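Colleague: File name structure_15.txt; file contents compact mmCIF, C-alpha atoms; full text below.
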# COMPACT_ATOMS: atom_id res chain seq x y z
CA MET A 77 0.00 0.00 0.00
CA LYS A 78 1.39 3.38 -1.02
CA VAL A 79 0.68 6.17 1.49
CA VAL A 80 1.63 9.83 1.38
CA MET A 81 1.82 11.56 4.74
CA ALA A 82 1.74 15.34 5.10
CA THR A 83 4.92 15.64 7.19
CA LYS A 84 8.61 14.81 7.30
CA ASN A 85 8.47 14.19 11.07
CA GLN A 86 9.87 10.68 11.47
CA GLY A 87 8.01 10.05 14.73
CA LYS A 88 4.64 10.80 13.14
CA ILE A 89 5.52 8.73 10.07
CA GLU A 90 6.52 5.78 12.26
CA GLY A 91 3.26 6.02 14.24
CA ALA A 92 1.17 6.03 11.06
CA LYS A 93 3.18 3.13 9.65
CA ARG A 94 2.64 1.04 12.78
CA ALA A 95 -1.12 1.62 12.60
CA LEU A 96 -1.39 0.85 8.89
CA GLU A 97 0.76 -2.28 9.21
CA ARG A 98 -1.83 -3.72 11.60
CA TYR A 99 -4.19 -4.00 8.61
CA PHE A 100 -2.12 -3.92 5.41
CA ASP A 101 0.97 -5.68 4.08
CA GLU A 102 3.89 -3.79 2.59
CA VAL A 103 3.06 -0.27 3.72
CA ASP A 104 5.27 2.32 2.03
CA ILE A 105 4.94 5.85 3.44
CA GLN A 106 6.39 8.90 1.73
CA GLY A 107 6.52 12.04 3.85
CA ILE A 108 5.94 15.41 2.20
CA PRO A 109 5.80 18.53 4.37
CA VAL A 110 2.91 20.89 3.63
CA SER A 111 1.18 23.73 5.45
CA SER A 112 -1.67 23.21 7.89
CA GLU A 113 -2.85 26.81 7.41
CA VAL A 114 -3.72 27.06 11.12
CA SER A 115 -1.99 28.44 14.21
CA GLU A 116 1.41 27.10 15.25
CA GLU A 117 -0.43 25.58 18.22
CA PRO A 118 -3.86 24.60 16.91
CA VAL A 119 -6.71 25.29 19.34
CA ASN A 120 -10.01 23.35 19.46
CA GLU A 121 -11.46 22.91 15.93
CA GLU A 122 -8.17 24.07 14.38
CA ILE A 123 -6.75 20.64 15.21
CA TYR A 124 -9.12 18.93 12.77
CA ILE A 125 -8.97 21.82 10.29
CA GLY A 126 -5.16 21.71 10.27
CA ALA A 127 -5.07 17.96 9.70
CA LYS A 128 -7.71 18.23 6.95
CA ASN A 129 -5.83 21.11 5.29
CA ARG A 130 -2.61 19.10 5.33
CA VAL A 131 -4.31 16.19 3.56
CA ARG A 132 -5.82 18.55 0.98
CA ASN A 133 -2.47 20.26 0.43
CA VAL A 134 -0.51 17.02 0.12
CA LYS A 135 -3.07 15.66 -2.37
CA THR A 136 -2.65 18.84 -4.44
CA TYR A 137 1.14 18.52 -4.26
CA CYS A 138 0.95 14.88 -5.37
CA LYS A 139 -1.34 15.71 -8.27
CA GLU A 140 0.96 18.50 -9.43
CA HIS A 141 4.05 16.24 -9.19
CA GLY A 142 2.56 13.02 -10.58
CA ILE A 143 2.77 11.13 -7.28
CA LYS A 144 0.17 8.39 -6.89
CA ALA A 145 -0.94 6.86 -3.59
CA ASP A 146 -3.69 4.69 -2.15
CA LEU A 147 -4.11 6.84 0.97
CA TYR A 148 -3.24 10.40 1.96
CA VAL A 149 -2.82 10.96 5.68
CA SER A 150 -1.93 13.62 8.20
CA SER A 151 -1.54 14.10 11.90
CA GLU A 152 -2.02 17.35 13.81
CA SER A 153 -1.67 17.88 17.53
CA GLY A 154 -3.09 20.74 19.49
CA ILE A 155 -4.77 21.98 22.63
CA TYR A 156 -8.52 21.80 23.20
CA ASN A 157 -11.04 22.49 25.92
CA SER A 158 -13.42 19.71 26.88
CA LEU A 159 -15.70 19.75 29.89
CA GLY A 160 -13.96 22.90 31.12
CA LYS A 161 -10.49 21.27 31.13
CA TRP A 162 -7.60 21.83 28.72
CA LEU A 163 -5.96 18.85 27.04
CA ILE A 164 -3.43 18.06 24.31
CA THR A 165 -4.49 15.57 21.66
CA ASN A 166 -3.36 14.25 18.31
CA MET A 167 -5.79 13.97 15.39
CA ALA A 168 -5.29 11.78 12.34
CA VAL A 169 -7.10 12.30 9.03
CA ILE A 170 -7.15 9.71 6.25
CA GLU A 171 -8.45 10.16 2.70
CA ASP A 172 -8.39 7.90 -0.33
CA ASN A 173 -8.59 8.81 -4.02
CA GLY A 174 -12.38 8.92 -3.91
CA ASP A 175 -14.65 10.69 -1.46
CA PHE A 176 -13.70 8.69 1.64
CA GLU A 177 -12.45 10.58 4.69
CA SER A 178 -12.02 9.38 8.23
CA TYR A 179 -10.48 10.81 11.36
CA GLY A 180 -9.52 9.73 14.84
CA THR A 181 -7.87 11.04 17.94
CA SER A 182 -5.32 9.74 20.36
CA PRO A 183 -5.67 9.68 24.11
CA SER A 184 -5.33 13.22 25.48
CA PHE A 185 -3.29 14.50 28.37
CA PRO A 186 -4.11 17.38 30.72
CA VAL A 187 -2.52 20.81 30.59
CA PRO A 188 -2.08 22.78 33.82
CA GLU A 189 -4.29 25.88 33.71
CA ARG A 190 -1.26 28.10 34.39
CA LEU A 191 0.34 26.97 31.07
CA VAL A 192 -2.68 27.17 28.73
CA LYS A 193 -2.24 30.81 27.64
CA ASP A 194 1.49 30.37 27.05
CA ILE A 195 0.96 27.19 24.99
CA ILE A 196 -1.71 28.88 22.85
CA GLU A 197 0.43 31.99 22.31
CA THR A 198 3.58 30.02 21.40
CA ASP A 199 3.29 26.23 21.20
CA LEU A 200 3.66 23.18 23.42
CA SER A 201 7.23 22.58 22.27
CA GLN A 202 8.43 26.01 23.36
CA VAL A 203 6.74 25.67 26.75
CA MET A 204 8.28 22.21 27.23
CA ASN A 205 11.72 23.64 26.35
CA ARG A 206 11.30 26.37 28.92
CA ILE A 207 10.20 23.97 31.67
CA PHE A 208 12.35 20.90 30.93
CA GLY A 209 15.16 22.23 28.69
CA GLU A 210 15.69 21.87 24.95
CA ASP A 211 15.82 18.38 23.50
CA ASP A 212 15.92 17.80 19.73
CA GLU A 213 15.21 14.07 20.14
CA ARG A 214 11.98 14.85 22.01
CA HIS A 215 10.85 17.09 19.16
CA ASN A 216 11.49 14.46 16.49
CA LYS A 217 10.46 11.20 18.13
CA GLY A 218 9.20 10.99 21.70
CA GLY A 219 7.36 14.27 22.02
CA ALA A 220 6.24 15.94 25.22
CA ILE A 221 4.23 12.90 26.24
CA GLN A 222 7.32 10.70 26.48
CA LEU A 223 8.85 13.12 28.97
CA LEU A 224 5.60 13.61 30.88
CA THR A 225 4.92 9.84 31.16
CA HIS A 226 8.54 9.02 32.04
CA ASP A 227 8.99 6.99 28.82
CA ALA A 228 5.72 5.01 29.15
CA ILE A 229 4.14 6.56 26.00
CA SER A 230 5.74 8.36 23.05
CA ARG A 231 4.49 10.62 20.28
CA ILE A 232 4.85 7.59 18.02
CA ASP A 233 2.41 5.69 20.26
CA LEU A 234 -0.11 8.55 20.29
CA THR A 235 0.11 8.94 16.52
CA GLU A 236 -0.37 5.20 16.07
CA MET A 237 -3.46 5.26 18.31
CA ALA A 238 -4.98 8.22 16.44
CA PHE A 239 -4.52 6.41 13.12
CA VAL A 240 -5.96 3.14 14.45
CA MET A 241 -9.04 5.13 15.52
CA ALA A 242 -9.23 6.80 12.10
CA LEU A 243 -8.97 3.40 10.41
CA THR A 244 -12.09 2.08 12.17
CA GLN A 245 -14.30 3.51 9.43
CA TYR A 246 -11.96 2.45 6.63
CA MET A 247 -11.55 -1.12 7.88
CA ASN A 248 -15.25 -1.68 8.56
CA GLY A 249 -16.63 -0.29 5.30
CA GLU A 250 -20.31 0.44 5.01
CA LYS A 251 -21.07 -1.11 8.39
CA TRP A 252 -19.41 1.83 10.19
CA LYS A 253 -19.60 4.68 7.67
Render the structure in this file as structure tokens.

Modeller:
Amino acid sequence: MKVVMATKNQGKIEGAKRALERYFDEVDIQGIPVSSEVSEEPVNEEIYIGAKNRVRNVKTYCKEHGIKADLYVSSESGIYNSLGKWLITNMAVIEDNGDFESYGTSPSFPVPERLVKDIIETDLSQVMNRIFGEDDERHNKGGAIQLLTHDAISRIDLTEMAFVMALTQYMNGEKWK
């Protein structure tokens, strides 16, 4: 299965690959960075909008450059308010060459109220750098969640979970569409 993912982030690509390999043989993912056209730190609906925009933009790029794929996917993380509490989540969007689209989210983790404004005005990565120190490996693979869970869960894991959730509609066809 040929997949184009709207990022060059190796952690996100690995998470998507793990999810897709649960259901398909020979998954080949090509990463192409494109714009999300939302805030640096997406807030609430911007998380879905950013992921959707990335899929649209990577499909356009592929069409313009003669790149063919079976699926086009993206992953966008951001901060959202649910039940009066702020959380960070990861959203996956999957589209095929027809009119199919599905989406899913990862588990979310809480954000201390005192950090919400700063995260929204900058982004989670900058706030994590300020609190825990800079770490390029965290940015590329493990993400904030790996640090916050003391290595129990990584960004790769969260991305994988978001894509497994997004695949529920794809894998179950008309029964779950």

Colleague: Which residues of region 89-132 of chain A come within 12 Å of region 157-172 of chain A, and what is each one's closest atom pair and distance in Å (one decimal), counting only C-alpha atoms, sorted by chain and residue number, as a Markdown table?

Modeller:
| residue | atom | partner | partner_atom | distance |
| --- | --- | --- | --- | --- |
| A:Ile89 | CA | A:Ala168 | CA | 11.5 |
| A:Gly91 | CA | A:Ala168 | CA | 10.5 |
| A:Ala92 | CA | A:Ala168 | CA | 8.7 |
| A:Ala95 | CA | A:Ala168 | CA | 11.0 |
| A:Leu96 | CA | A:Ile170 | CA | 10.9 |
| A:Glu117 | CA | A:Ile164 | CA | 10.1 |
| A:Pro118 | CA | A:Ile164 | CA | 9.9 |
| A:Val119 | CA | A:Asn157 | CA | 8.4 |
| A:Asn120 | CA | A:Asn157 | CA | 6.6 |
| A:Glu121 | CA | A:Asn157 | CA | 10.0 |
| A:Glu122 | CA | A:Met167 | CA | 10.4 |
| A:Ile123 | CA | A:Met167 | CA | 6.7 |
| A:Tyr124 | CA | A:Met167 | CA | 6.5 |
| A:Ile125 | CA | A:Val169 | CA | 9.8 |
| A:Gly126 | CA | A:Met167 | CA | 9.3 |
| A:Ala127 | CA | A:Val169 | CA | 6.1 |
| A:Lys128 | CA | A:Val169 | CA | 6.3 |
| A:Asn129 | CA | A:Val169 | CA | 9.7 |
| A:Arg130 | CA | A:Val169 | CA | 8.9 |
| A:Val131 | CA | A:Val169 | CA | 7.3 |
| A:Arg132 | CA | A:Glu171 | CA | 9.0 |

Colleague: Determine, counting only C-alpha atoms, which protein, DNA and RNA residues have an atom within 9 Å of an atom of region 134-143 of chain A; residues of the same chain fewer than 3 positions away are not included. Present the result as a list in words.

Modeller: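 Non-adjacent residues within range: Val80, Met81, Ala82, Ile108, Pro109, Val110, Ser111, Asn129, Arg130, Val131, Tyr148, Val149, Ser150 and Asn173 of chain A.
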
Colleague: Compile the contact shell of Asp194 (chain A) as a ChimeraX atom specification: residues with an atom at most 12 Å away, counting all atoms listed in the file, same-chain residues fewer than 3 positions apart removed.

Modeller: /A:117,155,187-191,197-204,206-207

Colleague: So what do you get for CA of Tyr246 (chain A) versus CA of Ser178 (chain A), distance-wise?

Modeller: 7.1 Å

Colleague: Report as an MDAnalysis selection string all protein, DNA and RNA residues lying within 6 Å of Ser230 (chain A), evaluated on only C-alpha atoms, omitting residues in the same chain fewer than 5 positions from it.

Modeller: chainID A and resid 218 221:222

Colleague: If I take CA of Lys84 (chain A) and CA of Ser112 (chain A), how far is one from the other in Å, to one decimal?

Modeller: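 Result for CA of Lys84 (chain A) versus CA of Ser112 (chain A): 13.3 Å, one decimal.
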
Colleague: CA of Val79 (chain A) and CA of Gly249 (chain A) are how many Å apart?

Modeller: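 Atom-to-atom, CA of Val79 (chain A) and CA of Gly249 (chain A) are spaced 18.9 Å apart.
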
Colleague: Check the smallest atom-to-atom distance from each of A:Gln106, A:Glu97, A:Asp175, A:Lys78 to Lys253 (chain A) using only C-alpha atoms, then report the winner.

Modeller: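 Closest residue, counting only C-alpha atoms: A:Asp175.
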
Colleague: Return the single residue from A:Gly219, A:Thr225, A:Gln245, A:Ile196 that is closest to Tyr179 (chain A), with distances computed using all atoms listed in the file.

Modeller: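 Closest residue, counting all atoms listed in the file: A:Gln245.
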
Colleague: Which one of A:Gly174, A:Ala238, A:Tyr156, A:Asp233 sits closest to Lys193 (chain A) if you count all atoms listed in the file?

Modeller: A:Tyr156

Colleague: With only C-alpha atoms as the atoms that count, which of A:Pro186, A:Lys88, A:Tyr99, A:Ile195 lies nearest to Leu234 (chain A)?

Modeller: A:Lys88

Colleague: Can you work out which one of A:Met77, A:Ile105, A:Leu243, A:Ala220 has the shortest atom-to-atom distance to Ser184 (chain A), counting only C-alpha atoms?

Modeller: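 Between A:Met77, A:Ile105, A:Leu243, A:Ala220, the residue approaching Ser184 (chain A) most closely is A:Ala220.
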
Colleague: Check the smallest atom-to-atom distance from each of A:Glu152, A:Glu250, A:Glu113, A:Asp227 to Gly180 (chain A) using only C-alpha atoms, then report the winner.

Modeller: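 Checking each of A:Glu152, A:Glu250, A:Glu113, A:Asp227 against Gly180 (chain A), counting only C-alpha atoms, the winner is A:Glu152.
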
Colleague: Can you patch up region 158-185 of chain A, filling it in to N, CA and C atoms, and show the result as a compact mmCIF listing (two decimals), in the frame of the given file?

Modeller:
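To be explicit, this is the file written out as selection-v9.txt:
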# COMPACT_ATOMS: atom_id res chain seq x y z
N SER A 158 -12.30 20.64 26.80
CA SER A 158 -13.42 19.71 26.88
C SER A 158 -13.86 19.62 28.33
N LEU A 159 -15.13 19.82 28.54
CA LEU A 159 -15.70 19.75 29.89
C LEU A 159 -15.03 20.73 30.84
N GLY A 160 -14.59 21.86 30.30
CA GLY A 160 -13.96 22.90 31.12
C GLY A 160 -12.51 22.63 31.48
N LYS A 161 -11.90 21.63 30.87
CA LYS A 161 -10.49 21.27 31.13
C LYS A 161 -9.72 21.32 29.82
N TRP A 162 -8.46 21.74 29.89
CA TRP A 162 -7.60 21.83 28.72
C TRP A 162 -6.76 20.57 28.58
N LEU A 163 -6.68 20.07 27.34
CA LEU A 163 -5.96 18.85 27.04
C LEU A 163 -5.18 19.00 25.74
N ILE A 164 -4.16 18.17 25.58
CA ILE A 164 -3.43 18.06 24.31
C ILE A 164 -3.85 16.75 23.67
N THR A 165 -4.13 16.79 22.37
CA THR A 165 -4.49 15.57 21.66
C THR A 165 -3.82 15.56 20.30
N ASN A 166 -3.91 14.44 19.64
CA ASN A 166 -3.36 14.25 18.31
C ASN A 166 -4.51 13.75 17.44
N MET A 167 -4.72 14.39 16.30
CA MET A 167 -5.79 13.97 15.39
C MET A 167 -5.19 13.47 14.10
N ALA A 168 -5.70 12.35 13.63
CA ALA A 168 -5.29 11.78 12.34
C ALA A 168 -6.45 11.92 11.36
N VAL A 169 -6.11 12.25 10.11
CA VAL A 169 -7.10 12.30 9.03
C VAL A 169 -6.57 11.42 7.90
N ILE A 170 -7.47 10.62 7.35
CA ILE A 170 -7.15 9.71 6.25
C ILE A 170 -8.13 9.98 5.11
N GLU A 171 -7.61 10.07 3.89
CA GLU A 171 -8.45 10.16 2.70
C GLU A 171 -7.91 9.20 1.66
N ASP A 172 -8.82 8.72 0.80
CA ASP A 172 -8.39 7.90 -0.33
C ASP A 172 -8.50 8.73 -1.60
N ASN A 173 -8.50 8.09 -2.75
CA ASN A 173 -8.59 8.81 -4.02
C ASN A 173 -10.03 9.15 -4.40
N GLY A 174 -10.98 8.62 -3.65
CA GLY A 174 -12.38 8.92 -3.91
C GLY A 174 -12.88 9.96 -2.93
N ASP A 175 -14.06 9.72 -2.38
CA ASP A 175 -14.65 10.69 -1.46
C ASP A 175 -14.60 10.23 0.00
N PHE A 176 -13.80 9.18 0.28
CA PHE A 176 -13.70 8.69 1.64
C PHE A 176 -12.79 9.57 2.49
N GLU A 177 -13.27 9.91 3.68
CA GLU A 177 -12.45 10.58 4.69
C GLU A 177 -12.80 9.98 6.04
N SER A 178 -11.79 9.78 6.86
CA SER A 178 -12.02 9.38 8.23
C SER A 178 -11.04 10.11 9.12
N TYR A 179 -11.30 10.09 10.40
CA TYR A 179 -10.48 10.81 11.36
C TYR A 179 -10.54 10.08 12.68
N GLY A 180 -9.55 10.31 13.51
CA GLY A 180 -9.52 9.73 14.84
C GLY A 180 -8.59 10.53 15.72
N THR A 181 -8.74 10.34 17.01
CA THR A 181 -7.87 11.04 17.94
C THR A 181 -7.16 10.05 18.84
N SER A 182 -6.08 10.52 19.39
CA SER A 182 -5.32 9.74 20.36
C SER A 182 -5.88 10.00 21.75
N PRO A 183 -5.39 9.26 22.75
CA PRO A 183 -5.67 9.68 24.11
C PRO A 183 -5.13 11.10 24.31
N SER A 184 -5.73 11.83 25.22
CA SER A 184 -5.33 13.22 25.48
C SER A 184 -4.71 13.31 26.87
N PHE A 185 -3.86 14.31 27.03
CA PHE A 185 -3.29 14.50 28.37
C PHE A 185 -3.57 15.92 28.84
